[in-house]
>>> print(open('upload.csv').read())   # CSV, C-alpha atoms
chain,number,residue,atom,x,y,z
Z,1,MET,CA,0.0,0.0,0.0
Z,2,GLU,CA,2.9,2.4,0.7
Z,3,ALA,CA,4.1,2.0,-2.9
Z,4,LEU,CA,0.5,2.5,-4.3
Z,5,TYR,CA,-0.2,5.6,-2.3
Z,6,GLY,CA,3.3,7.0,-1.9
Z,7,LYS,CA,2.7,7.4,1.9
Z,8,ALA,CA,4.3,5.8,5.0
Z,9,ILE,CA,1.9,3.4,6.7
Z,10,VAL,CA,2.1,2.5,10.4
Z,11,VAL,CA,0.3,-0.7,11.4
Z,12,ALA,CA,-1.4,0.4,14.6
Z,13,ASP,CA,-2.3,-2.6,16.8
Z,14,ARG,CA,-4.9,-2.5,19.6
Z,15,GLU,CA,-2.3,-1.6,22.2
Z,16,MET,CA,-1.2,1.4,20.2
Z,17,ILE,CA,-4.7,2.7,19.6
Z,18,GLU,CA,-5.8,2.2,23.2
Z,19,SER,CA,-2.6,3.1,25.1
Z,20,ARG,CA,-0.8,5.6,22.8
Z,21,PRO,CA,-3.4,7.4,20.8
Z,22,GLU,CA,-1.3,10.6,20.8
Z,23,GLU,CA,1.0,8.9,18.3
Z,24,ILE,CA,-1.8,9.2,15.8
Z,25,ILE,CA,-3.7,12.2,17.1
Z,26,GLY,CA,-0.6,14.3,17.5
Z,27,PRO,CA,0.4,14.2,13.8
Z,28,ALA,CA,-3.2,14.7,12.8
Z,29,LYS,CA,-3.1,18.2,14.2
Z,30,THR,CA,-0.8,19.3,11.3
Z,31,MET,CA,-1.4,16.8,8.6
Z,32,ARG,CA,-4.0,14.4,7.2
Z,33,VAL,CA,-4.0,11.1,8.9
Z,34,ALA,CA,-6.2,8.1,8.2
Z,35,LEU,CA,-7.1,5.3,10.6
Z,36,LEU,CA,-8.4,2.2,8.8
Z,37,VAL,CA,-10.3,-0.4,10.8
Z,38,VAL,CA,-11.9,-3.7,10.1
Z,39,GLY,CA,-15.7,-3.5,10.1
Z,40,ASP,CA,-17.7,-0.5,11.2
Z,41,PRO,CA,-15.6,1.9,13.3
Z,42,PHE,CA,-18.3,2.7,15.9
Z,43,CYS,CA,-19.0,-0.9,16.8
Z,44,ALA,CA,-15.8,-0.7,19.0
Z,45,THR,CA,-15.6,1.5,22.0
Z,46,THR,CA,-11.9,2.0,21.3
Z,47,HIS,CA,-12.7,3.6,17.9
Z,48,ALA,CA,-15.5,5.8,19.4
Z,49,ASP,CA,-13.1,7.0,22.0
Z,50,PHE,CA,-10.5,7.8,19.4
Z,51,PHE,CA,-13.2,9.8,17.5
Z,52,ILE,CA,-14.0,11.8,20.7
Z,53,ARG,CA,-10.3,12.5,21.4
Z,54,ALA,CA,-9.8,13.8,17.9
Z,55,ARG,CA,-12.8,16.0,18.1
Z,56,ALA,CA,-11.7,17.3,21.5
Z,57,GLU,CA,-8.5,18.5,19.8
Z,58,ASN,CA,-10.5,20.2,17.1
Z,59,ILE,CA,-9.2,17.7,14.5
Z,60,PRO,CA,-11.6,17.3,11.6
Z,61,VAL,CA,-12.9,13.7,11.4
Z,62,GLU,CA,-14.5,12.0,8.5
Z,63,VAL,CA,-16.1,8.6,9.1
Z,64,ILE,CA,-16.8,6.1,6.4
Z,65,HIS,CA,-18.9,3.3,7.7
Z,66,ASN,CA,-18.3,-0.3,6.7
Z,67,THR,CA,-20.0,-3.6,7.1
Z,68,SER,CA,-19.8,-5.2,10.5
Z,69,ILE,CA,-20.2,-8.6,12.1
Z,70,MET,CA,-22.8,-6.9,14.3
Z,71,THR,CA,-25.1,-6.4,11.3
Z,72,ALA,CA,-24.1,-9.7,9.7
Z,73,ILE,CA,-25.6,-11.6,12.7
Z,74,GLY,CA,-29.0,-11.5,10.9
Z,75,CYS,CA,-27.6,-13.8,8.2
Z,76,CYS,CA,-27.3,-16.5,10.8
Z,77,GLY,CA,-31.0,-16.3,11.7
Z,78,LEU,CA,-30.2,-14.6,15.0
Z,79,GLN,CA,-31.5,-11.3,16.2
Z,80,LEU,CA,-29.4,-8.6,18.0
Z,81,TYR,CA,-32.2,-8.3,20.5
Z,82,ASN,CA,-31.3,-11.7,21.9
Z,83,PHE,CA,-27.6,-10.8,22.5
Z,84,GLY,CA,-26.1,-9.5,25.7
Z,85,PRO,CA,-22.9,-7.5,25.8
Z,86,SER,CA,-20.3,-8.6,23.3
Z,87,VAL,CA,-16.8,-9.5,24.5
Z,88,SER,CA,-13.4,-9.4,22.9
Z,89,LEU,CA,-11.1,-12.3,23.1
Z,90,CYS,CA,-7.5,-11.2,22.6
Z,91,PHE,CA,-4.6,-13.5,21.8
Z,92,PHE,CA,-2.9,-14.6,25.0
Z,93,THR,CA,0.8,-14.1,25.5
Z,94,GLU,CA,3.2,-15.7,27.9
Z,95,LYS,CA,2.8,-12.8,30.3
Z,96,TRP,CA,-0.8,-11.7,29.5
Z,97,LYS,CA,-3.8,-14.0,29.7
Z,98,PRO,CA,-6.9,-11.9,30.3
Z,99,THR,CA,-10.0,-13.4,31.9
Z,100,SER,CA,-12.2,-10.3,31.8
Z,101,PHE,CA,-14.5,-11.8,29.1
Z,102,TYR,CA,-15.5,-14.8,31.3
Z,103,PRO,CA,-17.9,-12.9,33.6
Z,104,LYS,CA,-19.8,-11.3,30.7
Z,105,ILE,CA,-20.3,-14.6,29.0
Z,106,ALA,CA,-21.5,-16.2,32.3
Z,107,ILE,CA,-24.0,-13.3,32.9
Z,108,ASN,CA,-25.3,-13.5,29.3
Z,109,ARG,CA,-25.8,-17.3,29.7
Z,110,ARG,CA,-27.6,-16.9,33.0
Z,111,GLN,CA,-29.9,-14.3,31.5
Z,112,GLY,CA,-30.6,-16.5,28.4
Z,113,PHE,CA,-28.7,-14.2,26.0
Z,114,HIS,CA,-26.3,-15.1,23.2
Z,115,THR,CA,-22.8,-13.8,23.4
Z,116,LEU,CA,-20.9,-12.5,20.4
Z,117,VAL,CA,-17.2,-13.2,21.0
Z,118,LEU,CA,-15.0,-11.0,18.8
Z,119,LEU,CA,-11.7,-12.6,18.1
Z,120,ALA,CA,-8.6,-10.4,17.9
Z,121,HIS,CA,-6.9,-10.5,14.5
Z,122,THR,CA,-3.2,-11.2,14.0
Z,123,CYS,CA,-2.0,-8.5,11.6
Z,124,MET,CA,0.9,-7.5,13.9
Z,125,GLN,CA,2.0,-11.1,14.4
Z,126,ILE,CA,1.8,-11.9,10.7
Z,127,SER,CA,3.7,-8.8,9.6
Z,128,LYS,CA,6.7,-9.4,11.9
>>> encode(input="upload.csv", output="C-alpha cells")
Amino acid sequence: MEALYGKAIVVADREMIESRPEEIIGPAKTMRVALLVVGDPFCATTHADFFIRARAENIPVEVIHNTSIMTAIGCCGLQLYNFGPSVSLCFFTEKWKPTSFYPKIAINRRQGFHTLVLLAHTCMQISK
C-alpha cells in the first residue's frame, strides 16, 4: 500500500490505539491522517473513544462506515435483540492471559442471551 499511495503506513495494533493514541492524534493536528479499521468503526468503543479524542483536539474527522459482524448476525438467523454484551477475546501471550471476558459470558448465559465473541486479529504477528 505504501508504494501504491506513496505514503508511509504505520500498522497500529490494539495496544497502540488504546494506550498511545497521541502517536496518531498528534500528527493529525498538522497533517492528514487516516485510521483504517476492520468493520464499522463505531462498533468498537476503542474507535469511538478515538473519535471523541480527535474532536476534543479540534481535529476534523470524517467517518466512512463499513459492514460489520454486528449487522451480519442476521444472516445466521439470529437477532441482535437476543444478545447480551459482546466480548473481545484477545490473543494470549506468555505474560498476559486476560480473563475479563468470562464474567460477561456467564452473565449472558444466566440471562438467556447469546454472546458475540469478537476474536482479535493477528495483523501484527503476521507482519513481523
>>> atom_distance(input="upload.csv", atom1="CA of Lys104 in chain Z", atom2="CA of Ala120 in chain Z")
17.0 Å
>>> closest_residue(input="upload.csv", among="Z:Ile59, Z:Leu78, Z:Ile9, Z:Ile107", to="Gly26 in chain Z", atoms="only C-alpha atoms")
Z:Ile59
>>> closest_residue(input="upload.csv", among="Z:Arg14, Z:His114, Z:Arg55, Z:His65", to="Tyr81 in chain Z", atoms="only C-alpha atoms")
Z:His114
>>> atom_distance(input="upload.csv", atom1="CA of Ile52 in chain Z", atom2="CA of Lys29 in chain Z")
14.2 Å
